[in-house]
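Written out below as structure tokens is the structure these notes cover.
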Amino acid sequence: MIKTCMRAALAAAFLALPLTTMSPASAADAGPDALPMTLKQAVAALPTAAESREGYQRTRFKHWTDEDRDSCNTREEVLIAESRTAPTIGPGCKVTGGRWHSYYDGETLTQPRGLDIDHMVPLAEAWDSGASTWSAERRKAYANDLGDERSLVAVTARSNRSKSDQDPAEWQPPLADARCTYTTDWVATKLRWGLAVDKAERQALRKLAAGCGQERVEYEPAG
């Protein structure tokens, strides 16, 4: 995936928002000089907490906004950033063509209508894991996070809808070669936003990390 100044600029307004959930203590104790961590260390840095979906509604996360008022909402920004060729952009910043690699299943697409923009950690899972205590503004920041290219990814609609709101204990990408990258991106996103894992999720992440010895996790806390 391509890093772009566009994502970083759009994220600037969000990163100043206060974090209302506790950050992982072990990650904080390690300090910035300890990063990047191994995937095993990163999994250990995640706090454990029971999950609850009580009160969740998708509308509590305002997403696909246009924070920099350039007519490109978050979905279009991700499509532009991740296209492997210069994308075709119509009126109102509507992306009409490009070339995208869906790393979940290894497919290449040239038409954006076949793509979903996936929240690496789904909105419902984020709610379960700590976002239920956040302000509306912080949930909006999460839902439109362009400050880390792992937070939002363009993938085939089929793979995204197969994943739904499941965590790695319940779903992994169908392409086996993508699973270590996916696990690393998942853990980095949870650490970035101070989100917890439940016992089943931690157990699955530990097992996955054991088979991904070369992966390293580096992240910038969101706020």
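Every chain in the structure tokens takes a letter, A first, then B, and so on in the order presented; its residues are numbered from 1, and the ligands are numbered from 1 following the presented order.
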#### Entry: Per-residue DSSP, stretch 8-195 of chain A, filtered to helix (DSSP H, G or I), as a PyMOL selection string
chain A and resi 8-15+25-30+32-34+39-45+58-60+74-82+91-93+112-114+123-128+131-133+136-143+157-163+176-193
### Message
I'd like to know which of A:Arg216, A:Lys140, A:Lys62, A:Lys163 is closest to A:Thr184, using only C-alpha atoms.
### Response
A:Arg216
### Query
Which residue out of A:Gln203, A:Thr156, A:Thr110, A:Thr65 has the minimum interatomic distance to A:Thr48 when only C-alpha atoms are used?
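Counting only C-alpha atoms, the residue closest to A:Thr48 is A:Gln203.
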#### Entry: Contact residues around stretch 128-135 of chain A with only C-alpha atoms at 12 Å, ignoring same-chain residues under 6 positions, as a PyMOL selection string
chain A and resi 17-24+46-58+60-62+121-122+141-143+165-167+189-191+193-199+201
### Task
Please report, as a ChimeraX atom specification, each residue of stretch 15-196 of chain A to which DSSP assigns strand (DSSP E) when run on this structure's backbone.
/A:37-38,88-90,94-97,100-102,107-109,115-119,152-156
Limited to N, CA and C atoms, could you put the picked residues into a file as a compact mmCIF listing (two decimals), in the first residue's frame?
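Written output follows (part-v7.txt):
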```
# COMPACT_ATOMS: atom_id res chain seq x y z
N MET A 37 8.28 -3.39 17.72
CA MET A 37 8.24 -4.61 18.50
C MET A 37 8.08 -5.81 17.58
N THR A 38 8.41 -6.98 18.08
CA THR A 38 8.02 -8.18 17.36
C THR A 38 6.51 -8.31 17.47
N THR A 88 -8.52 7.50 -12.33
CA THR A 88 -9.40 8.40 -13.06
C THR A 88 -10.39 8.99 -12.07
N ILE A 89 -10.48 10.31 -12.04
CA ILE A 89 -11.33 10.98 -11.06
C ILE A 89 -12.29 11.91 -11.78
N GLY A 90 -13.57 11.73 -11.53
CA GLY A 90 -14.60 12.54 -12.15
C GLY A 90 -15.03 13.70 -11.28
N LYS A 94 -15.16 11.85 -7.63
CA LYS A 94 -15.66 10.48 -7.75
C LYS A 94 -14.64 9.66 -8.53
N VAL A 95 -14.03 8.69 -7.87
CA VAL A 95 -13.04 7.84 -8.53
C VAL A 95 -13.77 6.85 -9.42
N THR A 96 -13.39 6.83 -10.71
CA THR A 96 -14.09 5.97 -11.67
C THR A 96 -13.21 4.87 -12.24
N GLY A 97 -11.92 4.93 -12.01
CA GLY A 97 -11.04 3.90 -12.53
C GLY A 97 -9.67 3.97 -11.88
N TRP A 100 -6.31 -1.63 -8.39
CA TRP A 100 -6.19 -1.92 -6.96
C TRP A 100 -5.89 -3.40 -6.72
N HIS A 101 -5.04 -3.64 -5.75
CA HIS A 101 -4.73 -5.00 -5.32
C HIS A 101 -5.40 -5.24 -3.98
N SER A 102 -6.30 -6.19 -3.92
CA SER A 102 -6.98 -6.57 -2.69
C SER A 102 -6.14 -7.64 -1.99
N GLU A 107 -6.76 -10.50 -5.35
CA GLU A 107 -7.39 -10.10 -6.60
C GLU A 107 -7.00 -8.67 -7.00
N THR A 108 -6.97 -8.44 -8.32
CA THR A 108 -6.71 -7.11 -8.86
C THR A 108 -7.98 -6.60 -9.53
N LEU A 109 -8.35 -5.36 -9.23
CA LEU A 109 -9.56 -4.77 -9.79
C LEU A 109 -9.22 -3.43 -10.44
N LEU A 115 -15.00 -2.66 -5.01
CA LEU A 115 -14.20 -2.52 -3.80
C LEU A 115 -15.01 -1.98 -2.64
N ASP A 116 -14.70 -2.48 -1.46
CA ASP A 116 -15.14 -1.87 -0.21
C ASP A 116 -13.92 -1.27 0.47
N ILE A 117 -14.13 -0.23 1.25
CA ILE A 117 -13.06 0.27 2.12
C ILE A 117 -13.29 -0.35 3.49
N ASP A 118 -12.39 -1.23 3.86
CA ASP A 118 -12.55 -1.99 5.10
C ASP A 118 -11.89 -1.28 6.27
N HIS A 119 -12.59 -1.17 7.37
CA HIS A 119 -11.96 -0.77 8.63
C HIS A 119 -11.21 -2.00 9.14
N LEU A 152 -7.46 1.71 7.16
CA LEU A 152 -8.49 1.59 6.12
C LEU A 152 -7.84 1.01 4.88
N VAL A 153 -8.42 -0.05 4.34
CA VAL A 153 -7.83 -0.69 3.17
C VAL A 153 -8.89 -1.00 2.12
N ALA A 154 -8.51 -0.82 0.87
CA ALA A 154 -9.41 -1.14 -0.24
C ALA A 154 -9.27 -2.62 -0.57
N VAL A 155 -10.36 -3.36 -0.44
CA VAL A 155 -10.36 -4.81 -0.70
C VAL A 155 -11.64 -5.16 -1.45
N THR A 156 -11.68 -6.36 -2.00
CA THR A 156 -12.88 -6.77 -2.72
C THR A 156 -14.08 -6.75 -1.77
```
### Message
Taking 5 positions as the minimum chain separation for residues in the same chain, which residues sit within 8 Å of A:Leu205 when counting only C-alpha atoms? Answer as an NGL selection string.
### Response
:A and (43 or 168-169 or 183)
Same residues, N, CA, C and O atoms, saved as a PDB file, in the first residue's frame:
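What follows is the written file selection.pdb:
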```pdb
ATOM      1  N   VAL A  43       1.416  -8.284  20.601  1.00  0.00           N
ATOM      2  CA  VAL A  43       0.222  -8.971  21.104  1.00  0.00           C
ATOM      3  C   VAL A  43       0.204  -8.918  22.637  1.00  0.00           C
ATOM      4  O   VAL A  43      -0.833  -8.661  23.257  1.00  0.00           O
ATOM      5  N   PRO A 168      -9.832 -11.808  14.508  1.00  0.00           N
ATOM      6  CA  PRO A 168      -8.984 -12.888  13.967  1.00  0.00           C
ATOM      7  C   PRO A 168      -9.230 -14.263  14.575  1.00  0.00           C
ATOM      8  O   PRO A 168      -8.764 -15.260  14.017  1.00  0.00           O
ATOM      9  N   ALA A 169      -9.942 -14.343  15.694  1.00  0.00           N
ATOM     10  CA  ALA A 169     -10.320 -15.655  16.219  1.00  0.00           C
ATOM     11  C   ALA A 169     -11.408 -16.291  15.367  1.00  0.00           C
ATOM     12  O   ALA A 169     -11.604 -17.512  15.405  1.00  0.00           O
ATOM     13  N   THR A 183      -2.654  -9.967  10.435  1.00  0.00           N
ATOM     14  CA  THR A 183      -2.551 -10.033  11.891  1.00  0.00           C
ATOM     15  C   THR A 183      -1.745  -8.860  12.430  1.00  0.00           C
ATOM     16  O   THR A 183      -2.110  -8.232  13.434  1.00  0.00           O
TER      17      THR A 183
END
```
### Task
Give the answer as one residue: which of A:Tyr104, A:Trp64, A:Trp186, A:Trp127 has the shortest atom-to-atom distance to A:Ser151, using only C-alpha atoms?
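Checking each of A:Tyr104, A:Trp64, A:Trp186, A:Trp127 against A:Ser151, counting only C-alpha atoms, the winner is A:Trp186.
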